[in-house]
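Participant: First, the structure itself, so that you have it in front of you.
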Amino acid sequence: MYAKVNGTALATDWRTAYFYCNEQQGTLLSIHNTFQNNLLADLQKNVTGYDAEFWLGAFLDANGSWAWTDDTPFDYQRFQSSANGDFATLDSRDRLWKKRTMMQNKNFFCTSSVLPMSTPSNLTTQPPQNCRDGWQYSPETGFQYLVLYDTRVSDAEAICQSQGGHLASIHSKAENDFIAGLCCENGCDNLSHDGDLGWYLVGGKLINGTVQWIDGSPSDYQQNSCYGYANGNWLRITNYDLNCNFTFCGRGSWSFEGYDWNIAPYTICKKK
């Protein structure tokens with residue numbers, strides 16, 4: 001399926017294309033041989049009437065390796081060596097793959113979840129902010145950490161308790177860095193999996209200028225806040241600003257969330 005709106009080809013950034021295909025119960029294209037590559041390059045021109053680049057489902061994963069969003073093996077590639085970027089297009093003009101940054105606008109195709117041109121090991125799609133699945137152990141702290149998605153701030157501690165832990169407390173730079181790296185940071189990860197500003201909710205509340213931890217552990221570590229804050233606000237961790245740059249306080253910077261009814265894109269639970 002070629003993505004169109006009111007009959008006009010839909011050109012958008014990679015993340016929007018990814019979620020658009022998901023909403024259609026499909027996925028961005030993966031390519032596994034020269035026949036498929038040439039077929040899709042021809043299809044681009046036949047459908048639109050002109051040669052152009054279009055998004056593929058290829059992205060750099062957390063290990064710095066290329067992967068497909070449909071989880072099929074990355075067993076074929078035609079990258080143009082001089083290109084740069086963490087996401088890929090197929091250029092029907094020369095049939096080569098171009099590395100592009102996420103926020104560039106390109107056309108795209110979606111395939112059905114059956115994926116007739118490839119045989120996936122499974123059909124679990126993963127966004128670019130691929131977070132580590134399940135409890136993750138840190139040998140430096142001796143604790144385990146779990147990433148939850150889309151939890152209301154007021155409900156987060158109860159949900160962590162139901163998982164056998166608490167909202168995470170932070171007691172060193174190493175622990176802060178570990179939490180900040182729980183989700184993939186390839187490309188620009190200032191946005192979360194749902195396209196909103198990405199941040200991690202943890203278990204600190206600002207009380208009279210000091211962060212108090214909901215798990216009762218001591219307040220023995222604190223970073224300066226990058227943004228405004230008020231008494232009683234919840235602690236959150238961010239890595240990038242809205243322009244896709246590191247925040248001026250640096251990776252893993254602290255800020256505060258003042259609305260209990262807000263939805264945290266990522267919530268961090270912690271247990272022994």
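Convention: chains lettered A, B, ... in structure tokens order; per-chain residue numbering from 1; ligands numbered from 1 as shown.
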Could you give me, as an mmCIF file with N, CA, C and O atoms, in the first residue's frame, the residues within 8 Å of range 175-185 of chain A, counting only C-alpha atoms and dropping anything in the same chain fewer than 4 positions from it?

Facilitator:
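To be explicit, this is the file written out as selection_18.cif:
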```cif
data_model
loop_
_atom_site.group_PDB
_atom_site.id
_atom_site.type_symbol
_atom_site.label_atom_id
_atom_site.label_comp_id
_atom_site.auth_asym_id
_atom_site.auth_seq_id
_atom_site.Cartn_x
_atom_site.Cartn_y
_atom_site.Cartn_z
ATOM 1 N N ASP A 61 19.876 -0.038 15.445
ATOM 2 C CA ASP A 61 19.341 -0.443 16.742
ATOM 3 C C ASP A 61 20.270 -0.018 17.868
ATOM 4 O O ASP A 61 21.257 0.704 17.662
ATOM 5 N N ALA A 62 19.942 -0.451 19.101
ATOM 6 C CA ALA A 62 20.681 -0.020 20.281
ATOM 7 C C ALA A 62 22.140 -0.450 20.251
ATOM 8 O O ALA A 62 22.975 0.136 20.925
ATOM 9 N N PRO A 128 11.969 3.065 17.082
ATOM 10 C CA PRO A 128 13.370 3.410 17.195
ATOM 11 C C PRO A 128 13.831 3.553 18.636
ATOM 12 O O PRO A 128 14.986 3.374 18.940
ATOM 13 N N GLN A 129 12.904 3.938 19.537
ATOM 14 C CA GLN A 129 13.263 4.038 20.945
ATOM 15 C C GLN A 129 13.100 2.678 21.610
ATOM 16 O O GLN A 129 12.566 2.579 22.708
ATOM 17 N N ASN A 130 13.552 1.628 20.951
ATOM 18 C CA ASN A 130 13.402 0.277 21.464
ATOM 19 C C ASN A 130 13.951 0.190 22.878
ATOM 20 O O ASN A 130 15.138 0.342 23.101
ATOM 21 N N CYS A 131 13.074 -0.041 23.869
ATOM 22 C CA CYS A 131 13.491 -0.121 25.256
ATOM 23 C C CYS A 131 13.811 -1.559 25.624
ATOM 24 O O CYS A 131 13.253 -2.500 25.067
ATOM 25 N N ARG A 132 14.701 -1.720 26.570
ATOM 26 C CA ARG A 132 15.046 -3.055 27.034
ATOM 27 C C ARG A 132 13.824 -3.707 27.667
ATOM 28 O O ARG A 132 13.132 -3.114 28.487
ATOM 29 N N SER A 138 21.499 -4.043 36.983
ATOM 30 C CA SER A 138 22.703 -3.218 36.944
ATOM 31 C C SER A 138 23.706 -3.751 37.959
ATOM 32 O O SER A 138 23.453 -3.677 39.167
ATOM 33 N N GLU A 140 26.367 -2.409 38.850
ATOM 34 C CA GLU A 140 26.934 -1.302 39.616
ATOM 35 C C GLU A 140 26.073 -0.932 40.813
ATOM 36 O O GLU A 140 26.577 -0.473 41.828
ATOM 37 N N THR A 141 24.771 -1.128 40.703
ATOM 38 C CA THR A 141 23.867 -0.761 41.798
ATOM 39 C C THR A 141 23.337 -1.966 42.556
ATOM 40 O O THR A 141 22.897 -1.838 43.697
ATOM 41 N N TYR A 145 15.748 -2.915 37.020
ATOM 42 C CA TYR A 145 14.942 -1.785 36.562
ATOM 43 C C TYR A 145 14.025 -2.248 35.429
ATOM 44 O O TYR A 145 14.416 -3.045 34.579
ATOM 45 N N VAL A 147 11.099 -0.872 32.451
ATOM 46 C CA VAL A 147 10.477 0.235 31.724
ATOM 47 C C VAL A 147 9.011 -0.090 31.473
ATOM 48 O O VAL A 147 8.681 -1.136 30.909
ATOM 49 N N ILE A 170 17.340 7.233 42.743
ATOM 50 C CA ILE A 170 18.642 7.398 42.094
ATOM 51 C C ILE A 170 19.648 7.866 43.130
ATOM 52 O O ILE A 170 19.419 8.854 43.829
ATOM 53 N N HIS A 171 20.778 7.163 43.192
ATOM 54 C CA HIS A 171 21.746 7.441 44.256
ATOM 55 C C HIS A 171 23.174 7.644 43.757
ATOM 56 O O HIS A 171 24.093 7.741 44.577
ATOM 57 N N ASP A 189 16.098 10.678 19.789
ATOM 58 C CA ASP A 189 15.080 10.067 20.638
ATOM 59 C C ASP A 189 14.433 11.075 21.567
ATOM 60 O O ASP A 189 14.002 10.757 22.655
ATOM 61 N N TYR A 200 11.494 9.961 31.206
ATOM 62 C CA TYR A 200 11.372 8.854 32.137
ATOM 63 C C TYR A 200 10.852 9.392 33.481
ATOM 64 O O TYR A 200 11.471 10.270 34.076
ATOM 65 N N ILE A 237 13.464 12.305 33.925
ATOM 66 C CA ILE A 237 14.769 12.345 33.275
ATOM 67 C C ILE A 237 14.567 12.508 31.778
ATOM 68 O O ILE A 237 13.749 11.812 31.174
ATOM 69 N N THR A 238 15.300 13.427 31.177
ATOM 70 C CA THR A 238 15.228 13.633 29.723
ATOM 71 C C THR A 238 16.640 13.611 29.154
ATOM 72 O O THR A 238 17.616 13.899 29.849
ATOM 73 N N ASN A 239 16.738 13.283 27.864
ATOM 74 C CA ASN A 239 18.034 13.227 27.193
ATOM 75 C C ASN A 239 18.223 14.316 26.154
ATOM 76 O O ASN A 239 19.329 14.773 25.929
ATOM 77 N N ARG A 251 23.042 14.844 28.855
ATOM 78 C CA ARG A 251 22.291 13.594 28.798
ATOM 79 C C ARG A 251 21.894 13.142 30.198
ATOM 80 O O ARG A 251 22.670 13.205 31.133
ATOM 81 N N GLY A 252 20.665 12.664 30.341
ATOM 82 C CA GLY A 252 20.188 12.215 31.641
ATOM 83 C C GLY A 252 19.859 13.348 32.587
ATOM 84 O O GLY A 252 19.898 13.189 33.811
ATOM 85 N N ILE A 268 9.946 4.202 35.168
ATOM 86 C CA ILE A 268 10.999 3.281 35.585
ATOM 87 C C ILE A 268 10.692 2.746 36.976
ATOM 88 O O ILE A 268 10.609 3.496 37.953
#
```

Participant: Counting only C-alpha atoms, figure out which residue out of A:Gln144, A:Leu201, A:Asn105, A:Lys270 gets nearest to Gly258 in chain A.

Facilitator: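 For Gly258 in chain A, the nearest of the candidates is A:Leu201.
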
Participant: Just how far from CA of Leu28 in chain A is CA of Asp71 in chain A, in Å to one decimal?

Facilitator: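 If I compute the distance from CA of Asp71 in chain A to CA of Leu28 in chain A, I get 11.1 Å.
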
Participant: Would you compute the distance between CA of Ala52 in chain A and CA of Gly64 in chain A? Give it in Å to one decimal.

Facilitator: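 That distance, rounded to one decimal, is 27.0 Å.
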
Participant: Which residue is closest to Glu53 in chain A? Choose from A:Ser30, A:Thr16, A:Gln80, A:Ser92 and count only C-alpha atoms.

Facilitator: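 Under the stated criterion, the closest residue is A:Ser92.
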
Participant: Quick one: pull the distance between CA of Tyr50 in chain A and CA of Asn107 in chain A, Å, one decimal.

Facilitator: 11.8 Å

Participant: Could you check which of A:Ala168, A:Leu29, A:Leu148, A:Val153 is closest to Asn233 in chain A, using only C-alpha atoms?

Facilitator: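 Among the listed residues, A:Val153 lies closest to Asn233 in chain A.
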
Participant: Can you list every residue in range 140-228 of chain A that DSSP puts in strand (DSSP E), as JSON, numbers by chain?

Facilitator: {"A": [143, 144, 145, 146, 147, 148, 149, 150, 151, 152, 166, 167, 200, 201, 202, 203, 204, 205, 206, 207, 210, 211, 212, 213]}

Participant: I need the residue nearest Asp91 in chain A from this list: A:Asn37, A:Asn224, A:Gln104, A:Thr69. Use only C-alpha atoms for the distance.

Facilitator: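 Of A:Asn37, A:Asn224, A:Gln104, A:Thr69, the one nearest Asp91 in chain A, counting only C-alpha atoms, is A:Asn37.
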
Participant: Mind checking DSSP for range 6-227 of chain A and telling me the helix (DSSP H, G or I) residues as number ranges by chain?

Facilitator: A: 14-23, 34-48, 153-162, 173-180

Participant: Between A:Arg15, A:Lys99, A:Arg93, A:Lys45, which is the closest to Trp66 in chain A once you count only C-alpha atoms?

Facilitator: A:Lys99
